[in-house]
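Novice: Supplied in structure tokens, the structure appears directly below.
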Amino acid sequence: MNNLLWLIPALPLAGFLTLAFAGNRMSRTWIAAIGSGSVSLSAIITLIIGINFLIHPPVSGNYSQTLWTWMQVGSFNPKVTLFLDALSLVFTFVITFIGALIHIYSVGFMADDKDYSRYFAAMNLFVFSMLLLVLANDLLLLYLGWEGVGLCSYLLIGFWYEHPDNGYAARKAFIMTRIGDTAMAIGLFVIFYQFGTLVIPDVLAKAPALWHQGAALATVTALLLLAGGLGKSAQLPLQTWLPDAMAGPSPVSALIHAATMVTAGVYLIARVHVIFQLSPITQMTIAVIGAATLFIAGFSALTQYDIKKVLAYSTISQIGYMFLALGVGAWTTAIFHFMIHAFFKALLFLAAGAVIAALNEEHNMFKMGGLKTKLPVIFWTFLIGSASLAALPLISAGFYSKDQILWYAWAGQRGTPLLWLTALLGAFITAAYTTRMMILTFWGKAKTEISHQPGKLMTIPMIILAFFSLFAGFIELPDNFGHFTLFSDLLQHSLPKTILKSTVNSELLFQLLASLATFTGIYLAYILYYKQPIYIQKLKQTAAIRALYQFWLSGWGFDKLYDVLIVKPITVIANVNKNDVIDKLYQGIENMTTSLYRSLSFTQSGSLRWYIMGLVIGAIIILGIQIIL
């Protein structure tokens, strides 16, 4: 079965190459068939390989397929080897399965776009790059996929490049993530210098033998890799690119937020978890960054007007939960929340895209309302996705994954009361902004008339995602709900088991507190945005509240801070450097040449008498010089 591994990334790559070179000469039917068909076939092959993996688990715990040797430089001979274990199987399933649904949705959503083939070509390249990243057996191949993902995000965020703001958003995403990528590249050099290889299983096997726990070099390496993860996964302090990335088409947002780019950082940390385990300081840093990010992004989501920006800040916040889980050592829980989050976040972005399209590109939730009966399929699927995002107890998949993170933030070996309290407050805020988004969009008086209903190509993927947003959580149940651990049992072949403290409280108590936080958030938003909206108006009249509201709306002022501390100083230095000595030398040569030209052109008057006089004067000067000499 491992002989089929190469087909998983090869099919989207073939789709990209076909559309890139021949797409302009194809009909829209063929473009859609190649674009979505190649990713769908990849998803089917992943399912076949995955089922075989589960029924007949390989003795080594993984499938591996070497395709060729990439280069041969001395002892450095990296190979293009694909590697599928339980961890990469989960990611591959999410990328191909959700990627296929997003592609099918795109056939309807982008039907009237003039750059139909360019869109599907870039989407296929995006899926291929992410598959290369998660299936890579060595860190060099992983880094190739890592950079491919960054390139594709630039191409797709700026897809509608005619608008200058879209180009700015694409450049911002590209530059911000390059900061983390540079640190990660340095980390890879350190790993190769230390271990003489970039093959991931070999590095993970050698690391505990070479580095003791807490070793300085282990911490430096882990921090460098973490910086790469922070950039790609939009975590503090490199989170500011993601809200602006909403400039791209809605299916692109769904792909970035659910199945590709922002999950790359989570995957990297989980993939090389041994290095992070050797650096407890870095692991605690991950937990603190995750907790701080989910807290900050949650408050920003609470104040946004644009429905897609609410979801963007929500993604930053939910990835923060995953980082928190990784930091406290709940490795499988982080991946479980990644998978559940992928289902409901893809659903929410696709549904939001359908709402925006039906309202003639209206993004402002305060200009929506009353869509509950006018767009019933979107309403019900959006409601299910929102319930999962808010972690509505018992009936939503999001409850089972987020509840585990809250529990391990307290009871895990590295958990602390402060981390748990921050995560609990985040759960309250998540429920509040999710309810606010639902009420403003679907309840109340309609403020904008809908232009059309979404077609089946758009609604069927949403219905499938809604099913998984409800029921996917039942594959991993907590101890007091039957202790059904199918997901963590699978992943514990690749990731360490979560260790609890020696003395822990009742899990039921923490589940009740988490449920109370969720219901309180829902109720508060219901009162403020539906039952008694006058309270919000009164609050906004208070100067301090208005200032705080604007502060959160601007994403806690990070853009302005970076503008003052980094962008403007660099601009000033660039302007000064523009007039440096070298430039003056070139300017002098140019001035001298111009002067010489003007002087010589004066002699080209076209007058015969003037030329004769010049010859006479020249002859006199030459004779005079000869006489003198």
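Following the order of the structure tokens, first chain is A, next is B, and so on, with residues numbered from 1 inside each chain and ligands from 1 in the order they appear.
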Might you pull out every residue within 12 Å of range 19-27 of chain A, with only C-alpha atoms counted and same-chain residues fewer than 5 positions away left off, and present them as a count of residues only?

Specialist: 22

Novice: Find the spatial neighbours of range 355-362 of chain A, counting only C-alpha atoms, within a cut-off of 8 Å - ignore same-chain residues fewer than 3 positions away - and output them as a VMD selection string.

Specialist: chain A and resid 351 to 352 367 to 368 378 448 to 454

Novice: Those same residues, written as a PDB file, in the first residue's frame with C-alpha atoms?

Specialist:
```
ATOM      1  CA  ALA A 351     -21.133  29.578   4.949  1.00  0.00           C
ATOM      2  CA  ALA A 352     -19.904  33.134   5.509  1.00  0.00           C
ATOM      3  CA  LYS A 367     -25.933  45.469   7.583  1.00  0.00           C
ATOM      4  CA  MET A 368     -27.157  41.878   7.502  1.00  0.00           C
ATOM      5  CA  ILE A 378     -26.774  28.345   5.349  1.00  0.00           C
ATOM      6  CA  THR A 448     -29.937  43.925   2.929  1.00  0.00           C
ATOM      7  CA  GLU A 449     -31.964  41.923   0.443  1.00  0.00           C
ATOM      8  CA  ILE A 450     -30.495  38.677  -0.838  1.00  0.00           C
ATOM      9  CA  SER A 451     -29.784  38.433  -4.550  1.00  0.00           C
ATOM     10  CA  HIS A 452     -29.719  34.646  -4.971  1.00  0.00           C
ATOM     11  CA  GLN A 453     -29.644  31.286  -3.205  1.00  0.00           C
ATOM     12  CA  PRO A 454     -26.414  29.244  -3.173  1.00  0.00           C
TER      13      PRO A 454
END
```

Novice: Name the closest residue to Phe323 in chain A among the candidates A:Ile281, A:Ile286, A:Ile463, A:Ile439; distances are taken between atoms, counting only C-alpha atoms.

Specialist: A:Ile286

Novice: Considering only C-alpha atoms, state which residue in the set A:Leu139, A:Ile627, A:Ala409, A:Ile429 is at the smallest distance from Leu500 in chain A.

Specialist: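 Looking only at the distances to Leu500 in chain A, the closest residue turns out to be A:Ala409.
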
Novice: Just the residues within 7 Å of range 156-163 of chain A, please, counting only C-alpha atoms, with nothing from its chain fewer than 6 positions along; format it as a VMD selection string.

Specialist: chain A and resid 122 169 to 170 245 247 to 248 252

Novice: How about saving the chosen residues, C-alpha atoms kept, as an mmCIF file, in the first residue's frame?

Specialist:
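For reference, selection.cif as written:
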```
data_model
loop_
_atom_site.group_PDB
_atom_site.id
_atom_site.type_symbol
_atom_site.label_atom_id
_atom_site.label_comp_id
_atom_site.auth_asym_id
_atom_site.auth_seq_id
_atom_site.Cartn_x
_atom_site.Cartn_y
_atom_site.Cartn_z
ATOM 1 C CA ALA A 122 -3.040 28.100 -7.202
ATOM 2 C CA ALA A 169 -2.493 42.086 2.453
ATOM 3 C CA ALA A 170 -0.651 39.498 0.333
ATOM 4 C CA ALA A 245 -5.586 37.782 4.730
ATOM 5 C CA ALA A 247 -8.759 39.889 1.216
ATOM 6 C CA GLY A 248 -8.704 36.605 -0.689
ATOM 7 C CA VAL A 252 -9.157 30.501 0.130
#
```

Novice: Which of these, A:Leu236, A:Leu596, A:Ala215, A:Leu5, has the shortest distance to Ser317 in chain A once you count only C-alpha atoms?

Specialist: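 Closest to Ser317 in chain A of all the choices is A:Leu236.
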
Novice: I'd like the neighbourhood of Leu87 in chain A as a list in words, where a residue qualifies if any of its atoms comes within 10 Å (using only C-alpha atoms), though same-chain residues fewer than 4 positions away should be ignored.

Specialist: Asn62, Phe91, Thr92, Val134, Leu135, Tyr267, Ala270, Arg271, Thr332, Ile335, Leu490, Leu491, Gln492, His493, Ser494 and Leu495 of chain A

Novice: Got a sec to tell me which of range 112-344 of chain A DSSP assigns to helix (DSSP H, G or I), as a count of residues only?

Specialist: 189

Novice: Figure out the distance between CA of Gln194 in chain A and CA of Ala216 in chain A, please, to one decimal in Å.

Specialist: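 CA of Ala216 in chain A sits 12.9 Å away from CA of Gln194 in chain A.
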
Novice: Can you tell me which residues surround Val272 in chain A at a distance of at most 10 Å, considering only C-alpha atoms, apart from same-chain residues fewer than 3 positions away, and format the answer as a compact mmCIF listing (two decimals) with N, CA and C atoms, in the first residue's frame?

Specialist:
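Written output follows (around_3.txt):
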```txt
# COMPACT_ATOMS: atom_id res chain seq x y z
N LEU A 139 13.59 17.18 7.21
CA LEU A 139 13.24 18.58 7.45
C LEU A 139 13.49 19.46 6.24
N ILE A 200 13.96 13.19 9.85
CA ILE A 200 13.26 13.45 11.11
C ILE A 200 13.38 12.29 12.11
N PRO A 201 13.10 11.05 11.72
CA PRO A 201 13.23 9.96 12.71
C PRO A 201 14.64 9.86 13.27
N VAL A 203 16.87 12.35 13.59
CA VAL A 203 17.09 13.49 14.50
C VAL A 203 16.42 13.22 15.85
N LEU A 204 15.17 12.73 15.81
CA LEU A 204 14.45 12.50 17.06
C LEU A 204 15.08 11.38 17.88
N ALA A 222 14.92 24.74 19.74
CA ALA A 222 13.47 24.70 19.90
C ALA A 222 12.86 26.10 19.71
N LEU A 225 12.79 26.94 15.97
CA LEU A 225 11.69 26.24 15.30
C LEU A 225 10.34 26.82 15.71
N TYR A 267 1.68 21.43 13.34
CA TYR A 267 2.26 20.18 12.85
C TYR A 267 3.76 20.12 13.14
N LEU A 268 4.47 21.23 12.86
CA LEU A 268 5.93 21.24 13.05
C LEU A 268 6.29 20.90 14.49
N ILE A 269 5.61 21.56 15.44
CA ILE A 269 5.94 21.33 16.85
C ILE A 269 5.63 19.89 17.25
N ILE A 275 12.44 17.38 20.48
CA ILE A 275 13.30 18.55 20.71
C ILE A 275 12.65 19.49 21.72
N PHE A 276 11.35 19.66 21.61
CA PHE A 276 10.65 20.56 22.54
C PHE A 276 10.58 19.94 23.95
N GLN A 277 10.48 18.63 24.02
CA GLN A 277 10.47 18.00 25.34
C GLN A 277 11.80 18.17 26.06
N LEU A 495 2.97 10.11 19.06
CA LEU A 495 3.13 11.19 20.04
C LEU A 495 3.08 10.63 21.46
```

Novice: Where does range 177-273 of chain A meet range 129-132 of chain A within 12 Å, residue by residue, with the nearest atom pair and distance in Å to one decimal for each, counting only C-alpha atoms, listed by chain and rising number, as a Markdown table?

Specialist:
```
| residue | atom | partner | partner_atom | distance |
| --- | --- | --- | --- | --- |
| A:Lys232 | CA | A:Met130 | CA | 11.9 |
| A:Leu255 | CA | A:Met130 | CA | 10.6 |
| A:Ile256 | CA | A:Met130 | CA | 10.2 |
| A:Ala258 | CA | A:Met130 | CA | 11.8 |
| A:Ala259 | CA | A:Met130 | CA | 8.4 |
| A:Thr260 | CA | A:Met130 | CA | 5.9 |
| A:Met261 | CA | A:Met130 | CA | 7.4 |
| A:Val262 | CA | A:Met130 | CA | 10.6 |
| A:Thr263 | CA | A:Met130 | CA | 9.5 |
| A:Ala264 | CA | A:Met130 | CA | 7.9 |
| A:Gly265 | CA | A:Met130 | CA | 11.6 |
| A:Tyr267 | CA | A:Met130 | CA | 10.6 |
| A:Leu268 | CA | A:Met130 | CA | 11.8 |
```

Novice: Find the spatial neighbours of Ala312 in chain A, counting only C-alpha atoms, within a cut-off of 9 Å - ignore same-chain residues fewer than 5 positions away - and output them as a list in words.

Specialist: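 Close residues of Ala312 in chain A: Leu242, Pro243, Asp244, Ala245, Met246, Ser253, His257, Ala297, Ala301, Ile307 and Ser317 of chain A.
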
Novice: Check the smallest atom-to-atom distance from each of A:His337, A:Lys531, A:His273, A:Arg28 to Ser401 in chain A using only C-alpha atoms, then report the winner.

Specialist: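 Checking each candidate against Ser401 in chain A, we get A:His337 as the closest.
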
Novice: Would you please work out which residue, of A:Ala287, A:Met184, A:Leu326, A:Ala544, is nearest to Leu418 in chain A when using only C-alpha atoms?

Specialist: A:Ala287

Novice: From the set A:Gly412, A:Pro376, A:Gly473, A:Gly229, which residue has the shortest atom-to-atom contact distance to Thr503 in chain A, counting only C-alpha atoms?

Specialist: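 Closest to Thr503 in chain A, using only C-alpha atoms: A:Gly412.
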
Novice: Please compute the CA of Gly187 in chain A-CA of Tyr313 in chain A distance, one decimal, in Å.

Specialist: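 Calculated distance between CA of Gly187 in chain A and CA of Tyr313 in chain A is 28.7 Å.
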
Novice: Quick one: distance from CA of Leu302 in chain A to CA of Leu230 in chain A in Å, one decimal?

Specialist: 22.7 Å
